[in-house]
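> This is the content of data_18.cif (mmCIF, C-alpha atoms):
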data_entry
#
loop_
_atom_site.group_PDB
_atom_site.id
_atom_site.type_symbol
_atom_site.label_atom_id
_atom_site.label_comp_id
_atom_site.auth_asym_id
_atom_site.auth_seq_id
_atom_site.Cartn_x
_atom_site.Cartn_y
_atom_site.Cartn_z
ATOM 1 C CA MET A 459 96.226 41.389 -3.045
ATOM 2 C CA ASP A 460 98.890 41.630 -0.387
ATOM 3 C CA TYR A 461 97.844 40.481 3.068
ATOM 4 C CA ILE A 462 99.312 38.534 5.986
ATOM 5 C CA ARG A 463 99.037 34.759 5.814
ATOM 6 C CA TYR A 464 98.522 34.306 9.546
ATOM 7 C CA ILE A 465 98.504 30.519 9.525
ATOM 8 C CA ASP A 466 101.940 30.283 7.867
ATOM 9 C CA LYS A 467 103.264 33.203 9.866
ATOM 10 C CA THR A 468 102.170 31.749 13.214
ATOM 11 C CA HIS A 469 103.739 28.376 12.499
ATOM 12 C CA GLU A 470 106.951 30.073 11.417
ATOM 13 C CA TYR A 471 106.972 32.364 14.480
ATOM 14 C CA TYR A 472 106.450 29.676 17.101
ATOM 15 C CA ARG A 473 108.865 27.263 15.439
ATOM 16 C CA GLY A 474 111.384 30.098 15.563
ATOM 17 C CA LEU A 475 110.808 30.322 19.321
ATOM 18 C CA GLY A 476 111.595 26.627 19.627
ATOM 19 C CA TYR A 477 108.091 25.156 19.928
ATOM 20 C CA ASP A 478 107.483 21.949 17.985
ATOM 21 C CA LYS A 479 103.744 22.148 18.250
ATOM 22 C CA THR A 480 102.146 25.290 16.904
ATOM 23 C CA TYR A 481 98.552 26.446 16.854
ATOM 24 C CA ASN A 482 96.200 24.025 15.190
ATOM 25 C CA TYR A 483 93.949 26.122 12.955
ATOM 26 C CA ALA A 484 90.527 24.785 12.060
ATOM 27 C CA TYR A 485 90.077 23.376 8.596
ATOM 28 C CA ASN A 486 86.687 22.493 7.147
ATOM 29 C CA GLU A 487 85.562 21.837 3.591
ATOM 30 C CA ASP A 488 81.839 21.663 4.223
ATOM 31 C CA ILE A 489 80.267 25.014 5.115
ATOM 32 C CA PRO A 490 76.842 25.413 6.732
ATOM 33 C CA PHE A 491 74.663 28.060 5.132
ATOM 34 C CA VAL A 492 71.251 29.635 5.715
ATOM 35 C CA PRO A 493 70.267 32.312 3.213
ATOM 36 C CA LEU A 494 68.713 35.407 4.723
ATOM 37 C CA ARG A 495 65.000 34.709 4.604
ATOM 38 C CA LYS A 496 63.649 38.225 5.049
ATOM 39 C CA PRO A 497 64.817 41.820 4.652
ATOM 40 C CA LEU A 498 67.288 43.013 7.293
ATOM 41 C CA SER A 499 64.815 45.710 8.260
ATOM 42 C CA GLU A 500 62.619 42.879 9.556
ATOM 43 C CA CYS A 501 65.451 41.063 11.356
ATOM 44 C CA ARG A 502 66.526 40.858 14.962
ATOM 45 C CA VAL A 503 70.301 41.145 15.011
ATOM 46 C CA THR A 504 72.987 40.174 17.491
ATOM 47 C CA LEU A 505 76.709 40.739 17.862
ATOM 48 C CA VAL A 506 79.216 38.039 18.861
ATOM 49 C CA SER A 507 82.892 38.653 19.561
ATOM 50 C CA THR A 508 86.043 37.068 20.931
ATOM 51 C CA ALA A 509 87.143 40.476 22.201
ATOM 52 C CA SER A 510 88.356 40.359 25.819
ATOM 53 C CA PHE A 511 87.013 43.289 27.789
ATOM 54 C CA LEU A 512 85.617 44.336 31.131
ATOM 55 C CA LEU A 513 82.301 46.055 31.741
ATOM 56 C CA LEU A 514 82.689 49.089 33.973
ATOM 57 C CA ASP A 515 80.241 50.653 36.411
ATOM 58 C CA GLU A 516 79.263 54.307 36.289
ATOM 59 C CA GLU A 517 82.378 55.273 38.189
ATOM 60 C CA GLY A 518 84.617 53.395 35.799
ATOM 61 C CA LEU A 519 85.329 50.451 38.107
ATOM 62 C CA PRO A 520 85.329 46.930 36.674
ATOM 63 C CA LEU A 521 82.159 44.891 37.230
ATOM 64 C CA GLU A 522 83.880 41.582 36.472
ATOM 65 C CA GLU A 523 87.154 39.694 36.752
ATOM 66 C CA PRO A 524 89.486 39.731 33.765
ATOM 67 C CA ARG A 525 89.366 36.607 31.592
ATOM 68 C CA MET A 526 91.711 36.178 28.716
ATOM 69 C CA LEU A 527 92.514 32.549 28.220
ATOM 70 C CA GLY A 528 90.073 29.866 27.215
ATOM 71 C CA THR A 529 89.600 27.124 29.824
ATOM 72 C CA ASN A 530 87.523 23.949 29.952
ATOM 73 C CA GLU A 531 84.596 25.724 31.616
ATOM 74 C CA MET A 532 81.749 27.094 29.543
ATOM 75 C CA GLU A 533 82.733 30.630 28.562
ATOM 76 C CA VAL A 534 79.801 32.573 27.206
ATOM 77 C CA PHE A 535 79.508 36.069 28.608
ATOM 78 C CA THR A 536 76.859 38.584 27.709
ATOM 79 C CA VAL A 537 76.586 42.344 27.520
ATOM 80 C CA HIS A 538 73.335 44.251 27.103
ATOM 81 C CA SER A 539 72.961 45.565 23.564
ATOM 82 C CA ASP A 540 72.324 49.067 24.903
ATOM 83 C CA TRP A 541 75.511 49.078 27.021
ATOM 84 C CA PRO A 542 77.459 52.350 26.559
ATOM 85 C CA ALA A 543 80.733 51.982 24.673
ATOM 86 C CA ASP A 544 82.574 54.214 27.138
ATOM 87 C CA ARG A 545 81.958 51.671 29.913
ATOM 88 C CA ILE A 546 83.912 48.924 28.173
ATOM 89 C CA LEU A 547 87.621 48.424 28.833
ATOM 90 C CA SER A 548 89.651 46.191 26.543
ATOM 91 C CA THR A 549 91.926 43.568 28.108
ATOM 92 C CA SER A 550 92.986 42.094 24.770
ATOM 93 C CA GLU A 551 96.466 40.736 24.228
ATOM 94 C CA ASP A 552 95.661 39.380 20.780
ATOM 95 C CA HIS A 553 95.760 42.525 18.697
ATOM 96 C CA ASP A 554 98.713 44.100 16.878
ATOM 97 C CA ARG A 555 99.740 46.412 19.684
ATOM 98 C CA TYR A 556 102.318 48.200 17.561
ATOM 99 C CA GLN A 557 99.533 49.479 15.322
ATOM 100 C CA THR A 558 96.457 49.854 17.465
ATOM 101 C CA ASP A 559 95.581 50.441 21.128
ATOM 102 C CA MET A 560 92.005 49.047 21.414
ATOM 103 C CA ASN A 561 90.732 52.273 22.997
ATOM 104 C CA ASP A 562 87.937 52.609 20.452
ATOM 105 C CA VAL A 563 85.634 49.693 21.252
ATOM 106 C CA ASN A 564 83.729 50.242 18.022
ATOM 107 C CA ALA A 565 86.733 49.159 15.955
ATOM 108 C CA TYR A 566 86.260 45.563 17.170
ATOM 109 C CA PHE A 567 82.907 45.503 19.006
ATOM 110 C CA PRO A 568 80.682 47.934 17.089
ATOM 111 C CA ILE A 569 78.129 48.482 19.818
ATOM 112 C CA THR A 570 77.502 52.175 19.040
ATOM 113 C CA ARG A 571 77.288 51.574 15.281
ATOM 114 C CA MET A 572 74.655 48.864 15.877
ATOM 115 C CA GLN A 573 72.573 51.298 17.925
ATOM 116 C CA GLU A 574 72.837 53.841 15.082
ATOM 117 C CA PHE A 575 71.692 51.269 12.512
ATOM 118 C CA LEU A 576 68.755 50.372 14.736
ATOM 119 C CA LYS A 577 67.690 54.018 14.970
ATOM 120 C CA GLU A 578 67.962 54.353 11.192
ATOM 121 C CA GLY A 579 65.709 51.356 10.672
ATOM 122 C CA VAL A 580 68.395 49.160 9.092
ATOM 123 C CA PHE A 581 67.374 46.400 11.540
ATOM 124 C CA LYS A 582 64.018 45.696 13.102
ATOM 125 C CA GLY A 583 65.617 45.105 16.462
ATOM 126 C CA LEU A 584 68.732 44.245 18.415
ATOM 127 C CA SER A 585 68.961 41.146 20.561
ATOM 128 C CA ARG A 586 68.615 41.676 24.286
ATOM 129 C CA ASN A 587 72.241 40.668 24.795
ATOM 130 C CA TYR A 588 75.400 40.486 22.760
ATOM 131 C CA TYR A 589 77.773 37.575 23.278
ATOM 132 C CA ARG A 590 81.402 37.238 24.180
ATOM 133 C CA THR A 591 83.461 34.122 24.219
ATOM 134 C CA LEU A 592 87.196 33.492 24.408
ATOM 135 C CA PRO A 593 89.478 32.173 21.703
ATOM 136 C CA ASN A 594 90.100 28.557 22.665
ATOM 137 C CA TYR A 595 92.771 26.128 21.574
ATOM 138 C CA SER A 596 90.193 23.359 21.599
ATOM 139 C CA HIS A 597 87.981 23.317 18.507
ATOM 140 C CA ARG A 598 85.797 20.734 20.209
ATOM 141 C CA LYS A 599 85.168 23.073 23.149
ATOM 142 C CA THR A 600 84.045 25.855 20.797
ATOM 143 C CA THR A 601 81.861 23.682 18.592
ATOM 144 C CA GLU A 602 80.351 21.527 21.343
ATOM 145 C CA VAL A 603 80.161 23.811 24.394
ATOM 146 C CA ASP A 604 80.419 27.572 23.840
ATOM 147 C CA GLY A 605 78.986 27.731 20.306
ATOM 148 C CA PRO A 606 75.833 25.742 21.112
ATOM 149 C CA GLU A 607 75.238 27.849 24.254
ATOM 150 C CA ILE A 608 75.366 31.062 22.203
ATOM 151 C CA LEU A 609 73.002 29.454 19.679
ATOM 152 C CA ARG A 610 70.622 28.377 22.439
ATOM 153 C CA GLN A 611 70.434 31.878 23.905
ATOM 154 C CA CYS A 612 70.057 33.445 20.446
ATOM 155 C CA LEU A 613 67.164 31.158 19.519
ATOM 156 C CA GLU A 614 65.495 31.863 22.847
ATOM 157 C CA ASP A 615 65.752 35.573 22.016
ATOM 158 C CA ASN A 616 64.431 35.084 18.433
ATOM 159 C CA VAL A 617 67.647 36.251 16.782
ATOM 160 C CA ASP A 618 67.655 36.059 12.957
ATOM 161 C CA VAL A 619 71.120 37.380 12.152
ATOM 162 C CA ALA A 620 74.510 37.442 13.891
ATOM 163 C CA LEU A 621 77.431 39.727 13.129
ATOM 164 C CA LEU A 622 80.739 38.332 14.388
ATOM 165 C CA THR A 623 83.812 40.389 15.156
ATOM 166 C CA PRO A 624 86.877 38.400 16.227
ATOM 167 C CA VAL A 625 89.886 39.822 18.024
ATOM 168 C CA MET B 155 85.288 32.789 15.836
ATOM 169 C CA SER B 156 84.470 31.100 12.527
ATOM 170 C CA LEU B 157 83.618 27.923 14.412
ATOM 171 C CA VAL B 158 80.956 29.843 16.347
ATOM 172 C CA ALA B 159 79.642 31.246 13.053
ATOM 173 C CA ARG B 160 79.327 27.686 11.752
ATOM 174 C CA VAL B 161 77.391 26.534 14.822
ATOM 175 C CA LEU B 162 74.987 29.493 14.557
ATOM 176 C CA GLU B 163 74.509 29.004 10.832
ATOM 177 C CA ALA B 164 73.856 25.268 11.252
ATOM 178 C CA GLY B 165 71.268 26.245 13.870
ATOM 179 C CA GLY B 166 69.385 28.489 11.430
ATOM 180 C CA ILE B 167 70.917 31.908 12.087
ATOM 181 C CA SER B 168 72.485 33.756 9.139
ATOM 182 C CA THR B 169 75.941 35.073 9.990
ATOM 183 C CA VAL B 170 78.599 37.376 8.665
ATOM 184 C CA THR B 171 82.099 37.482 10.161
ATOM 185 C CA TYR B 172 84.247 40.594 9.878
ATOM 186 C CA THR B 173 87.894 39.605 9.895
ATOM 187 C CA ASN B 174 91.432 40.914 9.707
ATOM 188 C CA ALA B 175 92.751 37.380 9.074
ATOM 189 C CA ARG B 176 91.461 36.168 5.730
ATOM 190 C CA ASP B 177 93.244 32.831 5.667
ATOM 191 C CA ILE B 178 92.156 31.747 9.151
ATOM 192 C CA ALA B 179 88.449 32.332 8.494
ATOM 193 C CA ALA B 180 88.644 30.774 5.035
ATOM 194 C CA SER B 181 90.408 27.666 6.341
ATOM 195 C CA ALA B 182 87.783 27.197 9.055
ATOM 196 C CA GLY B 183 84.979 27.184 6.477
ATOM 197 C CA ASN B 184 83.299 30.450 7.398
ATOM 198 C CA PRO B 185 79.805 30.922 5.877
ATOM 199 C CA ARG B 186 80.316 34.620 4.959
ATOM 200 C CA GLN B 187 83.440 36.663 5.498
ATOM 201 C CA VAL B 188 84.164 40.364 5.080
ATOM 202 C CA PHE B 189 87.924 40.785 4.993
ATOM 203 C CA LEU B 190 89.384 44.094 6.115
ATOM 204 C CA ASN B 191 93.146 44.253 5.657
ATOM 205 C CA TYR B 192 93.885 46.112 8.882
ATOM 206 C CA PRO B 193 96.105 44.949 11.775
ATOM 207 C CA LEU B 194 94.542 42.470 14.230
ATOM 208 C CA GLY B 195 92.135 44.219 16.580
ATOM 209 C CA ASN B 196 90.256 46.223 13.944
ATOM 210 C CA SER B 197 87.793 43.737 12.510
ATOM 211 C CA ALA B 198 84.960 46.300 12.558
ATOM 212 C CA GLY B 199 86.879 49.226 11.081
ATOM 213 C CA ARG B 200 89.414 51.931 11.749
ATOM 214 C CA PRO B 201 89.557 53.255 15.332
ATOM 215 C CA ASN B 202 87.958 56.673 15.836
ATOM 216 C CA ASP B 203 86.563 56.668 12.298
ATOM 217 C CA PRO B 204 82.805 56.050 12.576
ATOM 218 C CA GLU B 205 82.236 56.540 8.843
ATOM 219 C CA ASN B 206 84.777 53.859 7.984
ATOM 220 C CA GLN B 207 83.256 51.549 10.617
ATOM 221 C CA ARG B 208 79.790 52.080 9.143
ATOM 222 C CA SER B 209 81.032 51.302 5.618
ATOM 223 C CA VAL B 210 82.715 48.120 6.821
ATOM 224 C CA LEU B 211 79.582 46.963 8.633
ATOM 225 C CA ARG B 212 77.371 47.835 5.671
ATOM 226 C CA ALA B 213 79.513 45.689 3.364
ATOM 227 C CA GLY B 214 78.691 42.718 5.590
ATOM 228 C CA LEU B 215 74.983 43.543 5.625
ATOM 229 C CA LYS B 216 75.010 43.637 1.832
ATOM 230 C CA LEU B 217 76.770 40.270 1.765
ATOM 231 C CA LEU B 218 74.049 38.873 4.034
ATOM 232 C CA GLU B 219 71.385 40.083 1.615
ATOM 233 C CA ASP B 220 73.161 38.976 -1.551
ATOM 234 C CA ALA B 221 74.866 35.674 -0.720
ATOM 235 C CA GLU B 222 73.237 32.644 -2.266
ATOM 236 C CA SER B 223 75.992 30.157 -1.517
ATOM 237 C CA PRO B 224 78.397 29.521 1.376
ATOM 238 C CA GLY B 225 82.026 30.559 1.664
ATOM 239 C CA ILE B 226 81.891 33.908 -0.080
ATOM 240 C CA ILE B 227 84.638 36.361 0.903
ATOM 241 C CA VAL B 228 84.236 40.082 0.314
ATOM 242 C CA ASP B 229 87.615 41.819 0.156
ATOM 243 C CA LEU B 230 87.238 45.433 1.233
ATOM 244 C CA PRO B 231 89.336 48.033 -0.604
ATOM 245 C CA TYR B 232 90.468 49.987 2.481
ATOM 246 C CA THR B 233 94.161 50.078 3.370
ATOM 247 C CA TRP B 234 95.621 50.697 6.821
ATOM 248 C CA SER B 235 98.482 52.930 5.662
ATOM 249 C CA ASP B 236 100.288 53.921 2.492
ATOM 250 C CA SER B 237 103.094 51.549 3.275
ATOM 251 C CA GLY B 238 102.687 47.843 3.933
ATOM 252 C CA GLU B 239 105.424 47.932 6.544
ATOM 253 C CA TRP B 240 103.059 46.885 9.338
ATOM 254 C CA MET B 241 102.501 43.604 7.518
ATOM 255 C CA GLU B 242 106.203 42.928 7.185
ATOM 256 C CA LYS B 243 106.938 43.686 10.829
ATOM 257 C CA PHE B 244 104.105 41.720 12.409
ATOM 258 C CA MET B 245 105.345 38.748 14.468
ATOM 259 C CA THR B 246 109.031 39.439 13.976
ATOM 260 C CA GLY B 247 111.887 39.754 16.453
ATOM 261 C CA GLU B 248 111.467 43.499 16.240
ATOM 262 C CA GLN B 249 107.752 43.307 17.059
ATOM 263 C CA PRO B 250 107.108 40.053 18.938
ATOM 264 C CA PHE B 251 103.490 39.038 19.252
ATOM 265 C CA ILE B 252 103.649 38.195 22.946
ATOM 266 C CA SER B 253 105.133 40.905 25.138
ATOM 267 C CA GLU B 254 106.840 39.958 28.382
ATOM 268 C CA ASP B 255 104.324 41.835 30.523
ATOM 269 C CA ALA B 256 101.453 40.206 28.652
ATOM 270 C CA GLU B 257 103.005 36.832 29.357
ATOM 271 C CA VAL B 258 103.270 37.683 33.071
ATOM 272 C CA ARG B 259 99.573 38.674 33.163
ATOM 273 C CA ARG B 260 98.672 35.512 31.292
ATOM 274 C CA GLN B 261 100.564 33.360 33.782
ATOM 275 C CA ASP B 262 98.890 35.160 36.712
ATOM 276 C CA LEU B 263 95.475 34.413 35.280
ATOM 277 C CA LEU B 264 96.411 30.793 34.688
ATOM 278 C CA GLU B 265 97.619 30.522 38.265
ATOM 279 C CA LYS B 266 94.356 32.005 39.548
ATOM 280 C CA ALA B 267 92.371 29.570 37.424
ATOM 281 C CA ARG B 268 94.384 26.662 38.809
ATOM 282 C CA GLU B 269 93.761 27.821 42.374
ATOM 283 C CA GLN B 270 90.042 28.080 41.725
ATOM 284 C CA LYS B 271 90.022 24.615 40.239
ATOM 285 C CA ALA B 272 91.903 23.200 43.223
ATOM 286 C CA LYS B 273 89.412 24.858 45.600
ATOM 287 C CA LYS B 274 86.520 23.369 43.656
ATOM 288 C CA LEU B 275 88.033 19.915 43.847
ATOM 289 C CA GLN B 276 88.470 20.245 47.619
ATOM 290 C CA LYS B 277 84.744 20.909 48.010
#
Represent the structure from my file as structure tokens, please.


Amino acid sequence: MDYIRYIDKTHEYYRGLGYDKTYNYAYNEDIPFVPLRKPLSECRVTLVSTASFLLLDEEGLPLEEPRMLGTNEMEVFTVHSDWPADRILSTSEDHDRYQTDMNDVNAYFPITRMQEFLKEGVFKGLSRNYYRTLPNYSHRKTTEVDGPEILRQCLEDNVDVALLTPV
Amino acid sequence: MSLVARVLEAGGISTVTYTNARDIAASAGNPRQVFLNYPLGNSAGRPNDPENQRSVLRAGLKLLEDAESPGIIVDLPYTWSDSGEWMEKFMTGEQPFISEDAEVRRQDLLEKAREQKAKKLQK
């Protein structure tokens, strides 16, 4: 199968630009695993993404400041699971902009598709909120700050299953 | 993103990650990965193609139901275009990953963040 080896390609690209240090991709041999314990039709499901976007009000004006780069602050942002897709505006810089324009939110944050599945009975329910975080250079920050906060909120909301869609 | 999946999974929540970057998720030790060989920014399917998006999502739901061990990768059969040219051109001089205007916006945001931090410290 032919596909892009992003790790090699990124190292090559940034070295070509003169950087000695390139992105440090996570590497883990042990993998945590919880088998699904009940049918999906009895599960409460959430969506988690690293997509950068702004929520818009009914007139199409942004309800929040743009955030694109991970910082040291906790960065867990929510969006109601019934939020309309046409009131989301992508601010991503991390996609292949020669191939895709991020205008269809459902290609990377499938909020409408999730609502369809709910109506069809594929899931028992959707979580109250979906979660957004930012890609961060610090693995520690993700695993010790943002990740646990998403987990905490999910457990509080009785979430069984999470679908993750990175950008 | 895979690191978040690992935290959730370790906390008792079953996860599936839809990716356009197979090697990154695999390296990070992702519990369950559905790989869609589309350009970055399309992890949940082809833009403006709800049927394709539904098929992609369903493949992940099936993986959730079927997987009995960690680290399984489902490679979806969909292709972005007849030619693989987009793969060859990605991150090249012809199609740099960071555009100049994106870099300017990035620097503006960084500057704003620094200002906010400085204000906080003053308080």

> Taking the file as I've supplied it (selection: the PyMOL selection byres ((chain B) within 6 of (chain A))), which residues are included? Please answer as a ChimeraX atom specification.

/B:155,158,161-164,167-172,181-183,185,193-201,224

> As an exercise, work out the distance from atom CA of Ile226 of chain B to atom CA of Asn174 of chain B in Å and give it to one decimal place.

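Computing the Euclidean distance for atom CA of Ile226 of chain B and atom CA of Asn174 of chain B yields 15.4 Å.
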
> The PyMOL selection byres ((chain B and resi 212-220) around 7) on the file shown: which residues, as a list in words?

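For this structure, the PyMOL selection byres ((chain B and resi 212-220) around 7) captures Leu494 of chain A; Val170, Val188, Arg208, Ser209, Val210, Leu211, Ala221 and Glu222 of chain B.
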
> Smallest atom-to-atom distance to Tyr589 of chain A: which of A:Met532, A:Leu521, A:Leu512, A:Val537, using all atoms listed in the file?

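Checking each of A:Met532, A:Leu521, A:Leu512, A:Val537 against Tyr589 of chain A, counting all atoms listed in the file, the winner is A:Val537.
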
> Which value, in Å to one decimal, gives the distance between atom CA of Glu614 of chain A and atom CA of Ser539 of chain A?

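Between atom CA of Glu614 of chain A and atom CA of Ser539 of chain A the gap works out to 15.6 Å.
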
> Would you mind reading off the distance between atom CA of Thr233 of chain B and atom CA of Asn191 of chain B, one decimal, in Å?

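Rounded to one decimal, the two atoms are 6.3 Å apart.
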
> I would like the residues chosen by the PyMOL selection byres ((chain A and resi 583) around 9) on the shown file; could you give them as a PyMOL selection string?

chain A and resi 499-504+576+579-582+584-585

> Could you dump the residues just selected with C-alpha atoms as a PDB file, in the coordinates of the input?


ATOM      1  CA  SER A 499      64.815  45.710   8.260  1.00  0.00           C
ATOM      2  CA  GLU A 500      62.619  42.879   9.556  1.00  0.00           C
ATOM      3  CA  CYS A 501      65.451  41.063  11.356  1.00  0.00           C
ATOM      4  CA  ARG A 502      66.526  40.858  14.962  1.00  0.00           C
ATOM      5  CA  VAL A 503      70.301  41.145  15.011  1.00  0.00           C
ATOM      6  CA  THR A 504      72.987  40.174  17.491  1.00  0.00           C
ATOM      7  CA  LEU A 576      68.755  50.372  14.736  1.00  0.00           C
ATOM      8  CA  GLY A 579      65.709  51.356  10.672  1.00  0.00           C
ATOM      9  CA  VAL A 580      68.395  49.160   9.092  1.00  0.00           C
ATOM     10  CA  PHE A 581      67.374  46.400  11.540  1.00  0.00           C
ATOM     11  CA  LYS A 582      64.018  45.696  13.102  1.00  0.00           C
ATOM     12  CA  LEU A 584      68.732  44.245  18.415  1.00  0.00           C
ATOM     13  CA  SER A 585      68.961  41.146  20.561  1.00  0.00           C
TER      14      SER A 585
END

> Return segment 537-554 of chain A, completed with N, CA, C and O atoms, as a PDB file, keeping the file's coordinate frame.


ATOM      1  N   VAL A 537      76.582  40.909  27.227  1.00  0.00           N
ATOM      2  CA  VAL A 537      76.586  42.344  27.520  1.00  0.00           C
ATOM      3  C   VAL A 537      75.305  42.887  26.898  1.00  0.00           C
ATOM      4  O   VAL A 537      74.946  42.509  25.780  1.00  0.00           O
ATOM      5  N   HIS A 538      74.579  43.704  27.635  1.00  0.00           N
ATOM      6  CA  HIS A 538      73.335  44.251  27.103  1.00  0.00           C
ATOM      7  C   HIS A 538      73.610  45.031  25.827  1.00  0.00           C
ATOM      8  O   HIS A 538      74.605  45.757  25.745  1.00  0.00           O
ATOM      9  N   SER A 539      72.709  44.915  24.861  1.00  0.00           N
ATOM     10  CA  SER A 539      72.961  45.565  23.564  1.00  0.00           C
ATOM     11  C   SER A 539      72.886  47.087  23.658  1.00  0.00           C
ATOM     12  O   SER A 539      73.317  47.783  22.752  1.00  0.00           O
ATOM     13  N   ASP A 540      72.347  47.609  24.765  1.00  0.00           N
ATOM     14  CA  ASP A 540      72.324  49.067  24.903  1.00  0.00           C
ATOM     15  C   ASP A 540      73.423  49.566  25.855  1.00  0.00           C
ATOM     16  O   ASP A 540      73.384  50.704  26.321  1.00  0.00           O
ATOM     17  N   TRP A 541      74.402  48.701  26.125  1.00  0.00           N
ATOM     18  CA  TRP A 541      75.511  49.078  27.021  1.00  0.00           C
ATOM     19  C   TRP A 541      76.329  50.213  26.381  1.00  0.00           C
ATOM     20  O   TRP A 541      76.652  50.154  25.205  1.00  0.00           O
ATOM     21  N   PRO A 542      76.681  51.252  27.150  1.00  0.00           N
ATOM     22  CA  PRO A 542      77.459  52.350  26.559  1.00  0.00           C
ATOM     23  C   PRO A 542      78.915  51.962  26.279  1.00  0.00           C
ATOM     24  O   PRO A 542      79.569  51.330  27.117  1.00  0.00           O
ATOM     25  N   ALA A 543      79.376  52.353  25.105  1.00  0.00           N
ATOM     26  CA  ALA A 543      80.733  51.982  24.673  1.00  0.00           C
ATOM     27  C   ALA A 543      81.810  52.513  25.624  1.00  0.00           C
ATOM     28  O   ALA A 543      82.864  51.892  25.785  1.00  0.00           O
ATOM     29  N   ASP A 544      81.525  53.650  26.275  1.00  0.00           N
ATOM     30  CA  ASP A 544      82.574  54.214  27.138  1.00  0.00           C
ATOM     31  C   ASP A 544      82.657  53.516  28.495  1.00  0.00           C
ATOM     32  O   ASP A 544      83.458  53.900  29.348  1.00  0.00           O
ATOM     33  N   ARG A 545      81.834  52.469  28.688  1.00  0.00           N
ATOM     34  CA  ARG A 545      81.958  51.671  29.913  1.00  0.00           C
ATOM     35  C   ARG A 545      82.423  50.259  29.596  1.00  0.00           C
ATOM     36  O   ARG A 545      82.026  49.289  30.214  1.00  0.00           O
ATOM     37  N   ILE A 546      83.279  50.186  28.558  1.00  0.00           N
ATOM     38  CA  ILE A 546      83.912  48.924  28.173  1.00  0.00           C
ATOM     39  C   ILE A 546      85.415  49.165  28.125  1.00  0.00           C
ATOM     40  O   ILE A 546      85.874  50.127  27.517  1.00  0.00           O
ATOM     41  N   LEU A 547      86.166  48.278  28.802  1.00  0.00           N
ATOM     42  CA  LEU A 547      87.621  48.424  28.833  1.00  0.00           C
ATOM     43  C   LEU A 547      88.273  47.164  28.257  1.00  0.00           C
ATOM     44  O   LEU A 547      88.087  46.077  28.786  1.00  0.00           O
ATOM     45  N   SER A 548      89.021  47.342  27.194  1.00  0.00           N
ATOM     46  CA  SER A 548      89.651  46.191  26.543  1.00  0.00           C
ATOM     47  C   SER A 548      90.750  45.597  27.413  1.00  0.00           C
ATOM     48  O   SER A 548      91.531  46.323  28.030  1.00  0.00           O
ATOM     49  N   THR A 549      90.808  44.252  27.452  1.00  0.00           N
ATOM     50  CA  THR A 549      91.926  43.568  28.108  1.00  0.00           C
ATOM     51  C   THR A 549      92.632  42.665  27.096  1.00  0.00           C
ATOM     52  O   THR A 549      93.319  41.727  27.467  1.00  0.00           O
ATOM     53  N   SER A 550      92.442  42.957  25.826  1.00  0.00           N
ATOM     54  CA  SER A 550      92.986  42.094  24.770  1.00  0.00           C
ATOM     55  C   SER A 550      94.500  42.056  24.773  1.00  0.00           C
ATOM     56  O   SER A 550      95.166  43.057  25.030  1.00  0.00           O
ATOM     57  N   GLU A 551      95.029  40.870  24.484  1.00  0.00           N
ATOM     58  CA  GLU A 551      96.466  40.736  24.228  1.00  0.00           C
ATOM     59  C   GLU A 551      96.669  40.200  22.817  1.00  0.00           C
ATOM     60  O   GLU A 551      97.772  39.849  22.427  1.00  0.00           O
ATOM     61  N   ASP A 552      95.597  40.076  22.067  1.00  0.00           N
ATOM     62  CA  ASP A 552      95.661  39.380  20.780  1.00  0.00           C
ATOM     63  C   ASP A 552      95.639  40.309  19.575  1.00  0.00           C
ATOM     64  O   ASP A 552      95.512  39.862  18.445  1.00  0.00           O
ATOM     65  N   HIS A 553      95.754  41.593  19.825  1.00  0.00           N
ATOM     66  CA  HIS A 553      95.760  42.525  18.697  1.00  0.00           C
ATOM     67  C   HIS A 553      97.204  42.899  18.353  1.00  0.00           C
ATOM     68  O   HIS A 553      98.132  42.554  19.089  1.00  0.00           O
ATOM     69  N   ASP A 554      97.385  43.613  17.254  1.00  0.00           N
ATOM     70  CA  ASP A 554      98.713  44.100  16.878  1.00  0.00           C
ATOM     71  C   ASP A 554      98.959  45.387  17.653  1.00  0.00           C
ATOM     72  O   ASP A 554      98.535  46.463  17.264  1.00  0.00           O
TER      73      ASP A 554
END
